[in-house]
Number of protein chains: 2
Amino acid sequence: MSRSLDFLTEALRRLPGVGPKSAQRMAFHLLQHDREGAAMLSRALYQAVDTVHHCAMCNTFADTEVCELCADESRDRTLLCVVETPADQMMIEQTLTYKGLYFVLMGRLSPLDGIGPRDLHLDKLIGRAADGVVNEVVLATNFTNEGEATAHYISEMLKARGLKVSRLARGVPVGGELEYVDAGTIARAMLDRRSA
Amino acid sequence: MSRSLDFLTEALRRLPGVGPKSAQRMAFHLLQHDREGAAMLSRALYQAVDTVHHCAMCNTFADTEVCELCADESRDRTLLCVVETPADQMMIEQTLTYKGLYFVLMGRLSPLDGIGPRDLHLDKLIGRAADGVVNEVVLATNFTNEGEATAHYISEMLKARGLKVSRLARGVPVGGELEYVDAGTIARAMLDRRSA
Ligand SMILES: [Zn+2]
Ligand SMILES: [Zn+2]
């Protein structure tokens with residue numbers, strides 16, 4: 001009926017978890033009931049694609065060369081916490097138990113998905129951890145198989161360069177994903193972190 | 001961390017069925033793995049908001065003043081089928097049992113949601129059905145309580161103006177929504193349609 005509508009439905013399917021039926025429902029909803037929301041989403045997407053890049057220090061999403069957290073002079077620059085995603089970083093921030101800086105992998109090692117050390121830009125992490133100021137790297141990848149394998153790989157890599165490496169204590173349930181664990185559990189795991 | 005990312009996450013929540021967690025996952029996915037998809041979705045939204053309006057004849061979404069189906073000279077102009085949504089219209093088209101034209105309500109009467117006859121623009125339907133060419137209106141609203149009430153209301157309204165009105169036969173399961181019914185059932189219901 002409408003090529004613009006077909007194009008919109010097709011484009012909505014690029015969103016993760018959105019199949020043909022829900023893409024159609026979303027398109028109908030926006031055009032029928034929320035054109036203002038559609039225009040806002042259009043602008044937000046354009047602006048994000050145009051503006052958002054990776055922080056030069058911690059690799060998380062940022063609008064500026066260095067993100068606010070990395071630029072914050074009150075953080076302890078001798079501690080570097082490695083997480084898989086920005087969501088995991090936010091969870092740790094919420095526990096208020098950690099005052100150091102972060103490195104966000106933006107993923108995890110996953111041979112089955114073809115994600116190896118090179119895809120994770122681990123060279124950027126090495127450069128960051130070996131800046132001469134960092135004296136402990138806290139591995140806070142998920143306690144899933146892939147997260148554990150990633151932590152193990154990074155641990156070996158950094159220890160070979162003489163860095164002190166620790167891992168969140170196993171207060172986090174085995175198989176659990178940080179994003180869905182309560183802040184109290186993460187807080188205890190942070191305090192009980194052990195040498196890796 | 002990134003205002004543009006926060007704005008994008010917020011805007012994605014305007015999509016129906018998308019909560020805070022999935023909006024965040026969508027935003028991360030687009031920025032990390034599919035910036036091309038994000039740019040495409042931005043353009044599709046902009047274009048749809050700019051281009052898509054309602055067909056002057058059938059009220060469905062269209063890029064042109066009158067949609068392709070309404071403009072198709074081979075369709076039987078004496079039959080007018082009333083459906084709730086463009087998705088319902090597509091389902092009926094797939095059955096290949098109907099050769100007339102459509103009127104798409106873009107909704108249903110729903111007092112609980114504050115949707116009355118005026119909100120559905122039923123005056124547009126009256127004008128369309130009373131064009132002197134239409135001689136039967138087939139009501140194909142859903143067989144839910146709201147769809148049945150809508151059919152009843154429209155039926156009374158059109159019969160009062162001397163029009164012949166029919167309803168899809170109850171081959172469609174009671175409480176069922178057309179969009180999720182198999183084409184065979186809809187085909188039989190179309191053939192068995194009864195005077196309303
Ligand atoms: Zn940073
Ligand atoms: Zn039309």
# chains A, B, ... in the order shown; residues from 1 in each chain; ligands from 1
>>> interface_residues(of="chain B", to="chain A", cutoff="6 Å", atoms="only C-alpha atoms", output="ChimeraX atom specification")
/B:1-2,4,8,11,14,37-38,41-42,44-46,48,62-63
>>> residues_around(residues="Val172 in chain A", least_positions_apart="6", cutoff="12 Å", atoms="only C-alpha atoms", output="PyMOL selection string")
chain A and resi 140-144+178-193
>>> atom_distance(atom1="CA of Leu139 in chain A", atom2="CA of Gly19 in chain B")
29.4 Å
>>> residues_around(residues="range 147-162 of chain A", least_positions_apart="4", cutoff="9 Å", atoms="only C-alpha atoms", output="number ranges by chain")
A: 82, 84, 108-110, 117, 122, 126, 129-130, 137, 139-143, 166-167, 196
>>> closest_residue(among="B:Asp88, B:Glu136, B:Asp72, B:Asp123", to="ligand 2", atoms="only C-alpha atoms and all ligand atoms")
B:Asp72
>>> atom_distance(atom1="CA of Pro111 in chain A", atom2="CA of Ile92 in chain A")
26.7 Å
>>> select_by_dssp(residues="range 4-180 of chain A", states="alpha helix (DSSP H)", output="ChimeraX atom specification")
/A:4-12,20-33,35-51,68-71,86-95,122-129,145-159
>>> atom_distance(atom1="CA of Ser74 in chain A", atom2="atom 1 (Zn, counted along the ligand's line) of ligand 1")
13.9 Å
>>> closest_residue(among="B:Cys81, B:Leu168, B:Leu96, B:Val104", to="ligand 2", atoms="only C-alpha atoms and all ligand atoms")
B:Val104
